[in-house]
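Text of model_20.txt, listed as compact mmCIF, C-alpha atoms:
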```
# COMPACT_ATOMS: atom_id res chain seq x y z
CA MET B 1 23.02 -20.88 -22.71
CA THR B 2 20.43 -23.39 -21.52
CA HIS B 3 17.81 -20.84 -20.46
CA LYS B 4 16.67 -17.66 -22.16
CA ARG B 5 17.18 -14.71 -19.82
CA LEU B 6 14.92 -11.74 -20.57
CA ARG B 7 16.55 -8.31 -20.24
CA PRO B 8 19.46 -9.28 -17.98
CA PHE B 9 20.87 -6.52 -15.80
CA ASN B 10 23.15 -5.91 -12.85
CA THR B 11 21.97 -4.22 -9.69
CA LYS B 12 24.99 -1.87 -9.67
CA ASN B 13 23.47 -0.18 -12.76
CA THR B 14 19.85 -0.30 -11.62
CA TYR B 15 20.54 0.91 -8.08
CA PRO B 16 23.66 3.10 -8.48
CA GLU B 17 23.08 4.72 -5.08
CA GLN B 18 23.50 1.32 -3.39
CA ASN B 19 26.65 -0.79 -3.14
CA LEU B 20 25.25 -3.83 -4.99
CA ASN B 21 26.56 -6.17 -7.69
CA THR B 22 24.11 -8.98 -8.47
CA ASP B 23 23.26 -10.33 -11.95
CA LEU B 24 19.47 -10.55 -12.37
CA SER B 25 16.94 -10.51 -15.21
CA GLN B 26 13.34 -9.49 -15.81
CA GLY B 27 12.33 -13.05 -16.75
CA VAL B 28 13.59 -16.53 -17.54
CA VAL B 29 12.31 -19.03 -20.09
CA ALA B 30 13.39 -22.56 -19.15
CA ARG B 31 12.68 -26.11 -20.27
CA GLY B 32 13.15 -29.09 -18.04
CA THR B 33 12.18 -30.56 -14.70
CA MET B 34 11.31 -27.91 -12.14
CA VAL B 35 13.07 -27.83 -8.76
CA PHE B 36 11.34 -25.87 -6.01
CA LEU B 37 13.33 -25.25 -2.85
CA ARG B 38 11.62 -24.09 0.29
CA GLY B 39 12.96 -20.90 1.78
CA GLN B 40 16.52 -21.53 2.95
CA VAL B 41 18.09 -19.90 5.98
CA SER B 42 21.36 -19.94 7.88
CA GLN B 43 20.84 -23.38 9.37
CA ASP B 44 22.90 -26.54 9.40
CA LEU B 45 20.61 -28.91 7.51
CA GLU B 46 21.93 -31.94 9.42
CA THR B 47 21.78 -30.61 12.99
CA ARG B 48 19.16 -27.85 12.49
CA GLU B 49 21.48 -25.48 14.37
CA CYS B 50 20.96 -21.76 13.63
CA LEU B 51 24.22 -20.20 12.47
CA HIS B 52 25.69 -16.67 12.28
CA VAL B 53 23.15 -14.96 14.53
CA GLY B 54 23.17 -11.20 13.96
CA ASP B 55 25.29 -11.27 10.78
CA ALA B 56 23.21 -10.82 7.62
CA GLY B 57 26.13 -11.40 5.24
CA ALA B 58 27.26 -14.62 6.93
CA GLN B 59 23.66 -15.83 7.15
CA THR B 60 23.31 -15.25 3.41
CA ARG B 61 26.53 -17.16 2.70
CA LYS B 62 25.26 -20.21 4.65
CA THR B 63 21.86 -19.88 2.97
CA MET B 64 23.50 -19.93 -0.48
CA GLU B 65 25.66 -22.92 0.53
CA ASN B 66 22.46 -24.77 1.48
CA ILE B 67 20.85 -23.83 -1.84
CA LYS B 68 23.86 -25.06 -3.81
CA MET B 69 23.94 -28.35 -1.89
CA LEU B 70 20.20 -28.99 -2.33
CA LEU B 71 20.25 -28.16 -6.04
CA GLU B 72 23.14 -30.57 -6.57
CA GLU B 73 21.28 -33.26 -4.61
CA ALA B 74 18.34 -32.70 -6.98
CA GLY B 75 20.56 -33.01 -10.06
CA SER B 76 20.62 -29.30 -10.85
CA GLU B 77 23.13 -26.50 -10.20
CA MET B 78 23.33 -22.81 -9.40
CA SER B 79 23.46 -21.82 -13.08
CA HIS B 80 19.96 -23.30 -13.53
CA ILE B 81 18.31 -21.05 -10.96
CA CYS B 82 15.42 -19.25 -12.65
CA ARG B 83 13.80 -17.35 -9.80
CA ILE B 84 14.64 -16.25 -6.27
CA VAL B 85 12.55 -14.60 -3.61
CA VAL B 86 14.55 -12.87 -0.88
CA TYR B 87 13.06 -12.04 2.51
CA VAL B 88 14.92 -9.75 4.92
CA THR B 89 13.71 -8.60 8.32
CA ASP B 90 15.27 -5.14 8.05
CA ILE B 91 15.91 -3.02 4.95
CA ARG B 92 19.36 -2.22 6.35
CA TYR B 93 20.38 -5.87 5.72
CA ARG B 94 19.66 -5.59 1.99
CA GLU B 95 23.11 -4.46 0.95
CA ALA B 96 24.97 -7.21 2.84
CA VAL B 97 22.50 -9.85 1.60
CA TYR B 98 22.68 -8.85 -2.06
CA GLN B 99 26.45 -8.43 -1.99
CA GLU B 100 26.82 -12.02 -0.79
CA MET B 101 24.18 -13.38 -3.19
CA GLY B 102 26.00 -11.63 -6.03
CA LYS B 103 29.05 -13.80 -5.37
CA TRP B 104 26.94 -16.92 -5.93
CA LEU B 105 24.79 -15.68 -8.83
CA GLY B 106 27.41 -14.10 -11.09
CA GLY B 107 26.38 -14.70 -14.69
CA VAL B 108 23.18 -16.54 -13.68
CA HIS B 109 20.67 -13.66 -14.01
CA PRO B 110 17.65 -15.16 -12.21
CA CYS B 111 14.41 -13.23 -11.73
CA SER B 112 14.36 -11.80 -8.24
CA THR B 113 11.83 -10.38 -5.85
CA GLY B 114 12.94 -8.88 -2.56
CA LEU B 115 10.66 -8.34 0.42
CA VAL B 116 11.09 -6.80 3.84
CA VAL B 117 9.07 -8.77 6.37
CA PRO B 118 8.52 -8.25 10.09
CA ALA B 119 9.91 -11.66 11.06
CA LEU B 120 10.93 -15.11 9.87
CA ALA B 121 10.17 -18.45 11.55
CA ARG B 122 12.91 -17.97 14.17
CA PRO B 123 13.89 -14.59 15.59
CA GLU B 124 17.61 -15.19 14.98
CA TRP B 125 17.11 -15.47 11.21
CA VAL B 126 17.34 -12.18 9.30
CA VAL B 127 17.34 -13.51 5.70
CA GLU B 128 15.55 -16.29 3.85
CA VAL B 129 15.92 -17.16 0.17
CA GLU B 130 13.44 -19.22 -1.85
CA VAL B 131 14.62 -20.70 -5.16
CA THR B 132 13.06 -22.16 -8.28
CA ALA B 133 15.50 -23.92 -10.61
CA VAL B 134 15.42 -26.42 -13.47
CA ILE B 135 17.10 -29.65 -14.39
CA PRO B 136 17.45 -29.04 -18.15
CA ASP B 137 16.10 -31.51 -20.68
CA ALA B 138 18.83 -33.65 -22.22
CA ALA B 139 20.00 -32.23 -25.50
```
Using structure tokens, write down the structure that the file contains.
Amino acid sequence: MTHKRLRPFNTKNTYPEQNLNTDLSQGVVARGTMVFLRGQVSQDLETRECLHVGDAGAQTRKTMENIKMLLEEAGSEMSHICRIVVYVTDIRYREAVYQEMGKWLGGVHPCSTGLVVPALARPEWVVEVEVTAVIPDAA
């Protein structure tokens, strides 16, 4: 494994009362060129159109698609994500958001912080995900 993941865990074990299944860790030690992505939302990056209004799971899916595309453009990939910060506008969206993120982060175990905020930049957005990743040093 390229990066050292400190105390990896799965949310289904940490939060058994919630229907979650996301691989995370307490910390990540990484070497390489850092990639910082601004908070991504459910927006078409070409047209700037807001997508999936009112559907937290679908918004998260589009958000993760944007993250994957941007990381690949930078020369990185999803498996090199080290840290995510997740913003939701309502705690009731948490389950749908983390279920969808879990599909994209299986086996990755990034560090994660989740926040409930009163609003995002546009009222139709209910989730935003900020990512820090690495382009590993050549071996």
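Every protein, DNA or RNA residue with an atom at most 10 Å from Gln99 of chain B, where all atoms listed in the file count and chain neighbours fewer than 6 positions away do not, is listed here: Thr11, Asn19, Leu20, Asn21, Thr22, Gly57, Thr60 and Arg61 of chain B.
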Expected file contents, prior selection, C-alpha atoms, as a PDB file, in the frame of the given file:
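Contents of selection-v4.pdb, as written:
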```pdb
ATOM      1  CA  THR B  11      21.970  -4.220  -9.690  1.00  0.00           C
ATOM      2  CA  ASN B  19      26.650  -0.790  -3.140  1.00  0.00           C
ATOM      3  CA  LEU B  20      25.250  -3.830  -4.990  1.00  0.00           C
ATOM      4  CA  ASN B  21      26.560  -6.170  -7.690  1.00  0.00           C
ATOM      5  CA  THR B  22      24.110  -8.980  -8.470  1.00  0.00           C
ATOM      6  CA  GLY B  57      26.130 -11.400   5.240  1.00  0.00           C
ATOM      7  CA  THR B  60      23.310 -15.250   3.410  1.00  0.00           C
ATOM      8  CA  ARG B  61      26.530 -17.160   2.700  1.00  0.00           C
TER       9      ARG B  61
END
```
Practice item. Have a look at atom CA of Lys103 of chain B and atom CA of Lys12 of chain B and let me know their distance in Å, one decimal. Key: 13.3 Å
Review point. Nearest to Asn66 of chain B among B:Gly107, B:Gly39, B:Pro136, B:Gly54, with distances taken over only C-alpha atoms: which residue is it?
Key: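 Among the listed residues, B:Gly39 lies closest to Asn66 of chain B.
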Review point. Which neighbours of Asp23 of chain B fall inside 12 Å, counting all atoms listed in the file, when residues of the same chain fewer than 3 positions from it are skipped, and could you give them as a ChimeraX atom specification?
Key: /B:5,7-14,20,26,79,81-84,98-112
Exercise for review: Figure out the distance between atom CA of Gln40 of chain B and atom CA of Val116 of chain B, please, to one decimal in Å.
Suggested key: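 We find that atom CA of Val116 of chain B and atom CA of Gln40 of chain B lie 15.7 Å from each other.
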Practice item. For each of B:Asp55, B:Thr132, B:Ala74, B:Gln18, take the minimum atom-to-atom distance to Phe36 of chain B, counting all atoms listed in the file, then give the residue where this is smallest. Key: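 Closest candidate: B:Thr132.
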Practice item. Select all residues near (11.9, -35.1, -19.6) (cut-off 7 Å, inclusive, file coordinates), counting only C-alpha atoms, and output them as an NGL selection string. Key: :B and (32-33 or 137)
**Study point:** Leu71 of chain B surroundings by all atoms listed in the file, 9 Å radius, close-in-sequence under 2 positions cut, as a list in words
**Key:** Val35, Leu37, Asn66, Ile67, Lys68, Met69, Glu73, Ala74, Gly75, Ser76, Glu77, Met78, His80, Ile81 and Ala133 of chain B
**Study point:** Contacts of Val41 of chain B within 10 Å, all atoms listed in the file, excl. fewer than 5 positions in-chain, as a VMD selection string
**Key:** chain B and resid 50 to 51 59 to 67 87 120 to 122 125 to 130
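With all atoms listed in the file as the basis for measurement, B:Val131 is the residue among B:Val29, B:Ser42, B:Val131, B:Glu72 that approaches Val85 of chain B most closely.
The space separating atom CA of Arg48 of chain B from atom CA of Pro118 of chain B comes to 22.4 Å.
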Once you've located segment 24-38 of chain B in the structure I gave, write it as a PDB file, in the first residue's frame, keeping all heavy atoms.
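File written: result.pdb
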```pdb
ATOM      1  N   LEU B  24     -12.833   4.240   6.625  1.00  0.00           N
ATOM      2  CA  LEU B  24     -12.126   5.456   7.024  1.00  0.00           C
ATOM      3  C   LEU B  24     -10.937   5.070   7.888  1.00  0.00           C
ATOM      4  O   LEU B  24     -10.725   3.898   8.177  1.00  0.00           O
ATOM      5  CB  LEU B  24     -13.064   6.381   7.815  1.00  0.00           C
ATOM      6  CG  LEU B  24     -14.319   6.857   7.083  1.00  0.00           C
ATOM      7  CD1 LEU B  24     -15.225   7.629   8.029  1.00  0.00           C
ATOM      8  CD2 LEU B  24     -13.969   7.681   5.871  1.00  0.00           C
ATOM      9  N   SER B  25     -10.144   6.048   8.295  1.00  0.00           N
ATOM     10  CA  SER B  25      -9.050   5.802   9.232  1.00  0.00           C
ATOM     11  C   SER B  25      -8.855   7.026  10.103  1.00  0.00           C
ATOM     12  O   SER B  25      -9.340   8.113   9.806  1.00  0.00           O
ATOM     13  CB  SER B  25      -7.751   5.443   8.490  1.00  0.00           C
ATOM     14  OG  SER B  25      -7.265   6.534   7.760  1.00  0.00           O
ATOM     15  N   GLN B  26      -8.096   6.843  11.186  1.00  0.00           N
ATOM     16  CA  GLN B  26      -7.825   7.943  12.104  1.00  0.00           C
ATOM     17  C   GLN B  26      -6.752   8.889  11.563  1.00  0.00           C
ATOM     18  O   GLN B  26      -6.679  10.037  11.984  1.00  0.00           O
ATOM     19  CB  GLN B  26      -7.398   7.399  13.466  1.00  0.00           C
ATOM     20  CG  GLN B  26      -8.456   6.585  14.160  1.00  0.00           C
ATOM     21  CD  GLN B  26      -9.693   7.387  14.506  1.00  0.00           C
ATOM     22  OE1 GLN B  26      -9.651   8.586  14.702  1.00  0.00           O
ATOM     23  NE2 GLN B  26     -10.827   6.710  14.569  1.00  0.00           N
ATOM     24  N   GLY B  27      -5.921   8.420  10.663  1.00  0.00           N
ATOM     25  CA  GLY B  27      -4.869   9.258  10.083  1.00  0.00           C
ATOM     26  C   GLY B  27      -4.267   8.593   8.868  1.00  0.00           C
ATOM     27  O   GLY B  27      -4.442   7.396   8.649  1.00  0.00           O
ATOM     28  N   VAL B  28      -3.561   9.384   8.073  1.00  0.00           N
ATOM     29  CA  VAL B  28      -2.894   8.882   6.874  1.00  0.00           C
ATOM     30  C   VAL B  28      -1.514   9.522   6.796  1.00  0.00           C
ATOM     31  O   VAL B  28      -1.373  10.732   6.957  1.00  0.00           O
ATOM     32  CB  VAL B  28      -3.685   9.233   5.590  1.00  0.00           C
ATOM     33  CG1 VAL B  28      -2.945   8.755   4.352  1.00  0.00           C
ATOM     34  CG2 VAL B  28      -5.081   8.640   5.641  1.00  0.00           C
ATOM     35  N   VAL B  29      -0.502   8.698   6.549  1.00  0.00           N
ATOM     36  CA  VAL B  29       0.851   9.188   6.312  1.00  0.00           C
ATOM     37  C   VAL B  29       1.139   8.958   4.832  1.00  0.00           C
ATOM     38  O   VAL B  29       1.088   7.828   4.348  1.00  0.00           O
ATOM     39  CB  VAL B  29       1.887   8.440   7.182  1.00  0.00           C
ATOM     40  CG1 VAL B  29       3.285   8.955   6.896  1.00  0.00           C
ATOM     41  CG2 VAL B  29       1.530   8.564   8.660  1.00  0.00           C
ATOM     42  N   ALA B  30       1.405  10.037   4.101  1.00  0.00           N
ATOM     43  CA  ALA B  30       1.582   9.939   2.650  1.00  0.00           C
ATOM     44  C   ALA B  30       2.813  10.722   2.214  1.00  0.00           C
ATOM     45  O   ALA B  30       3.158  11.738   2.804  1.00  0.00           O
ATOM     46  CB  ALA B  30       0.349  10.489   1.939  1.00  0.00           C
ATOM     47  N   ARG B  31       3.456  10.207   1.163  1.00  0.00           N
ATOM     48  CA  ARG B  31       4.568  10.912   0.525  1.00  0.00           C
ATOM     49  C   ARG B  31       4.166  11.197  -0.898  1.00  0.00           C
ATOM     50  O   ARG B  31       3.558  10.368  -1.555  1.00  0.00           O
ATOM     51  CB  ARG B  31       5.827  10.054   0.501  1.00  0.00           C
ATOM     52  CG  ARG B  31       6.565   9.973   1.788  1.00  0.00           C
ATOM     53  CD  ARG B  31       7.873   9.224   1.554  1.00  0.00           C
ATOM     54  NE  ARG B  31       8.866  10.077   0.944  1.00  0.00           N
ATOM     55  CZ  ARG B  31       9.795  10.735   1.619  1.00  0.00           C
ATOM     56  NH1 ARG B  31       9.826  10.635   2.923  1.00  0.00           N
ATOM     57  NH2 ARG B  31      10.685  11.468   1.008  1.00  0.00           N
ATOM     58  N   GLY B  32       4.535  12.377  -1.379  1.00  0.00           N
ATOM     59  CA  GLY B  32       4.232  12.690  -2.761  1.00  0.00           C
ATOM     60  C   GLY B  32       3.776  14.129  -2.928  1.00  0.00           C
ATOM     61  O   GLY B  32       3.892  14.947  -2.022  1.00  0.00           O
ATOM     62  N   THR B  33       3.258  14.428  -4.090  1.00  0.00           N
ATOM     63  CA  THR B  33       2.767  15.752  -4.422  1.00  0.00           C
ATOM     64  C   THR B  33       1.320  15.867  -3.959  1.00  0.00           C
ATOM     65  O   THR B  33       0.476  15.046  -4.305  1.00  0.00           O
ATOM     66  CB  THR B  33       2.849  15.977  -5.944  1.00  0.00           C
ATOM     67  OG1 THR B  33       4.206  15.813  -6.350  1.00  0.00           O
ATOM     68  CG2 THR B  33       2.357  17.359  -6.327  1.00  0.00           C
ATOM     69  N   MET B  34       1.050  16.876  -3.168  1.00  0.00           N
ATOM     70  CA  MET B  34      -0.288  17.062  -2.616  1.00  0.00           C
ATOM     71  C   MET B  34      -1.246  17.587  -3.683  1.00  0.00           C
ATOM     72  O   MET B  34      -0.878  18.414  -4.513  1.00  0.00           O
ATOM     73  CB  MET B  34      -0.251  18.055  -1.459  1.00  0.00           C
ATOM     74  CG  MET B  34       0.657  17.630  -0.312  1.00  0.00           C
ATOM     75  SD  MET B  34       0.129  16.126   0.511  1.00  0.00           S
ATOM     76  CE  MET B  34      -1.353  16.683   1.298  1.00  0.00           C
ATOM     77  N   VAL B  35      -2.487  17.098  -3.623  1.00  0.00           N
ATOM     78  CA  VAL B  35      -3.568  17.575  -4.479  1.00  0.00           C
ATOM     79  C   VAL B  35      -4.692  18.033  -3.558  1.00  0.00           C
ATOM     80  O   VAL B  35      -5.207  17.238  -2.774  1.00  0.00           O
ATOM     81  CB  VAL B  35      -4.094  16.462  -5.416  1.00  0.00           C
ATOM     82  CG1 VAL B  35      -5.234  16.980  -6.272  1.00  0.00           C
ATOM     83  CG2 VAL B  35      -2.973  15.902  -6.280  1.00  0.00           C
ATOM     84  N   PHE B  36      -5.029  19.301  -3.635  1.00  0.00           N
ATOM     85  CA  PHE B  36      -6.103  19.865  -2.828  1.00  0.00           C
ATOM     86  C   PHE B  36      -7.258  20.205  -3.756  1.00  0.00           C
ATOM     87  O   PHE B  36      -7.098  21.004  -4.679  1.00  0.00           O
ATOM     88  CB  PHE B  36      -5.646  21.145  -2.118  1.00  0.00           C
ATOM     89  CG  PHE B  36      -4.475  20.945  -1.204  1.00  0.00           C
ATOM     90  CD1 PHE B  36      -3.180  21.143  -1.656  1.00  0.00           C
ATOM     91  CD2 PHE B  36      -4.664  20.551   0.111  1.00  0.00           C
ATOM     92  CE1 PHE B  36      -2.097  20.968  -0.819  1.00  0.00           C
ATOM     93  CE2 PHE B  36      -3.587  20.370   0.952  1.00  0.00           C
ATOM     94  CZ  PHE B  36      -2.297  20.581   0.489  1.00  0.00           C
ATOM     95  N   LEU B  37      -8.398  19.592  -3.529  1.00  0.00           N
ATOM     96  CA  LEU B  37      -9.581  19.919  -4.314  1.00  0.00           C
ATOM     97  C   LEU B  37     -10.494  20.809  -3.482  1.00  0.00           C
ATOM     98  O   LEU B  37     -10.708  20.543  -2.298  1.00  0.00           O
ATOM     99  CB  LEU B  37     -10.352  18.664  -4.710  1.00  0.00           C
ATOM    100  CG  LEU B  37      -9.645  17.659  -5.616  1.00  0.00           C
ATOM    101  CD1 LEU B  37     -10.613  16.534  -5.986  1.00  0.00           C
ATOM    102  CD2 LEU B  37      -9.095  18.327  -6.866  1.00  0.00           C
ATOM    103  N   ARG B  38     -11.016  21.827  -4.131  1.00  0.00           N
ATOM    104  CA  ARG B  38     -12.000  22.651  -3.434  1.00  0.00           C
ATOM    105  C   ARG B  38     -13.235  21.799  -3.175  1.00  0.00           C
ATOM    106  O   ARG B  38     -13.392  20.722  -3.753  1.00  0.00           O
ATOM    107  CB  ARG B  38     -12.358  23.874  -4.266  1.00  0.00           C
ATOM    108  CG  ARG B  38     -13.152  23.535  -5.500  1.00  0.00           C
ATOM    109  CD  ARG B  38     -13.588  24.751  -6.256  1.00  0.00           C
ATOM    110  NE  ARG B  38     -14.540  25.487  -5.440  1.00  0.00           N
ATOM    111  CZ  ARG B  38     -15.285  26.471  -5.865  1.00  0.00           C
ATOM    112  NH1 ARG B  38     -15.212  26.866  -7.100  1.00  0.00           N
ATOM    113  NH2 ARG B  38     -16.124  27.092  -5.071  1.00  0.00           N
TER     114      ARG B  38
END
```
